[in-house]
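One structure is given here, and the rest of the page talks about it.
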Amino acid sequence: MRFSSKRFLLGTLFLTFALVGCEAPGVGDPCVPEAIPEGGGFNELEVYLETSSVQCRTRVCMVYEFAGDPSESFEACDARGGADCAAKPLQADIDARVFCTCRCDTTTQGASTCECPSGFSCQPILDEEAGPGIAGSYCVRDSTLE
């Protein structure tokens with residue numbers, strides 16, 4: 001069977017666009033913030049945004065109403081034989097509340113926004129007092145909204 005170079009080129013272009021051109025935005029990918037508050041970690045009544053996260057394709061790591069330190073789960077601590085594992089959060093809680101996100105709405109003119117993927121909703125997080133660079137709504141996992 002003989003393939004023409006034109007057909008080969010078209011097939012290669014199609015495959016390239018299919019693999020690269022439709023890359024997912026990264027919302028929901030796991031991340032661990034670089035700065036974790038001392039003395040027990042994050043407060044479950046607050047939302048924290050790290051806007052320069054190199055772990056996220058979106059560059060924004062969110063800690064959404066999470067209590068504790070997400071850098072090590074109970075399961076990871078237990079697997080290494082740690083002594084203080086009971087104080088560690090479950091991996092499922094970390095996965096649900098600590099993730100990469102993007103700004104989906106803002107009043108700042110010219111600022112880029114994204115569409116939230118399935119399983120996420122655009123929720124107001126920071127008001128205008130936060131500054132035009134970060135103020136607005138962000139994609140939040142539906143399962144964490146009550």
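Order determines the names: the first chain of the structure tokens is A, the second B, and so forth; residues in each chain are numbered 1 upward, and ligands are numbered 1 upward as they are shown.
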
When DSSP is applied to the backbone of this structure, which of chain A are assigned alpha helix (DSSP H)? Write them out as number ranges by chain. A: 5-16, 74-79, 91-97

Need to verify the contact set: stretch 76-89 of chain A, 12 Å, only C-alpha atoms, exclusion of same-chain residues closer than 4 positions in sequence. Can you return it as a PyMOL selection string? chain A and resi 40-42+66-72+93-98

Atom CA of A:Gly119 and atom CA of A:Asp142 are how many Å apart?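 Between these atoms lies a distance of 5.5 Å.
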
DSSP strand (DSSP E) selection over stretch 26-103 of chain A, as a PyMOL selection string: chain A and resi 47-50+60-64+98-101+103

I need the chosen residues saved as a compact mmCIF listing (two decimals), in the first residue's frame, with N, CA and C atoms.
# COMPACT_ATOMS: atom_id res chain seq x y z
N VAL A 47 -10.11 31.47 52.03
CA VAL A 47 -9.67 30.99 50.72
C VAL A 47 -8.32 31.62 50.44
N TYR A 48 -7.37 30.83 50.01
CA TYR A 48 -6.02 31.29 49.75
C TYR A 48 -5.71 31.08 48.27
N LEU A 49 -5.12 32.09 47.62
CA LEU A 49 -4.69 31.97 46.23
C LEU A 49 -3.20 32.22 46.14
N GLU A 50 -2.49 31.30 45.55
CA GLU A 50 -1.08 31.51 45.22
C GLU A 50 -1.04 31.77 43.72
N VAL A 60 -2.23 29.48 39.10
CA VAL A 60 -2.97 29.81 40.31
C VAL A 60 -3.32 28.53 41.07
N CYS A 61 -2.79 28.43 42.30
CA CYS A 61 -3.11 27.32 43.20
C CYS A 61 -4.07 27.86 44.25
N MET A 62 -5.21 27.19 44.43
CA MET A 62 -6.22 27.62 45.39
C MET A 62 -6.32 26.64 46.55
N VAL A 63 -6.43 27.21 47.76
CA VAL A 63 -6.74 26.44 48.95
C VAL A 63 -8.12 26.94 49.36
N TYR A 64 -9.15 26.12 49.13
CA TYR A 64 -10.53 26.54 49.33
C TYR A 64 -11.12 25.97 50.61
N VAL A 98 -7.69 21.65 47.53
CA VAL A 98 -6.42 22.27 47.15
C VAL A 98 -6.14 21.87 45.71
N PHE A 99 -6.24 22.84 44.79
CA PHE A 99 -6.15 22.51 43.37
C PHE A 99 -5.81 23.75 42.54
N CYS A 100 -5.39 23.51 41.31
CA CYS A 100 -5.14 24.59 40.36
C CYS A 100 -6.47 25.15 39.88
N THR A 101 -6.53 26.45 39.71
CA THR A 101 -7.75 27.11 39.28
C THR A 101 -7.40 28.24 38.32
N ARG A 103 -9.01 32.38 36.91
CA ARG A 103 -10.00 33.45 37.10
C ARG A 103 -11.01 33.37 35.96

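Taking atom CA of A:Cys139 and atom CA of A:Gln91 as the two end points, the separation is 20.6 Å.
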
Taking into account only C-alpha atoms, which residue in the set A:Ser53, A:Ser73, A:Asp105, A:Ala135 is nearest to A:Ala92?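 That would be A:Ser73, the residue with the smallest distance to A:Ala92.
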
Given only C-alpha atoms as the counted atoms, nearest of A:Glu38, A:Glu75, A:Asp29, A:Glu146 to A:Cys102: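 For A:Cys102, the nearest of the given residues is A:Asp29.
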
Counting only C-alpha atoms, figure out which residue out of A:Ser52, A:Pro30, A:Thr106, A:Leu90 gets nearest to A:Glu128. A:Thr106
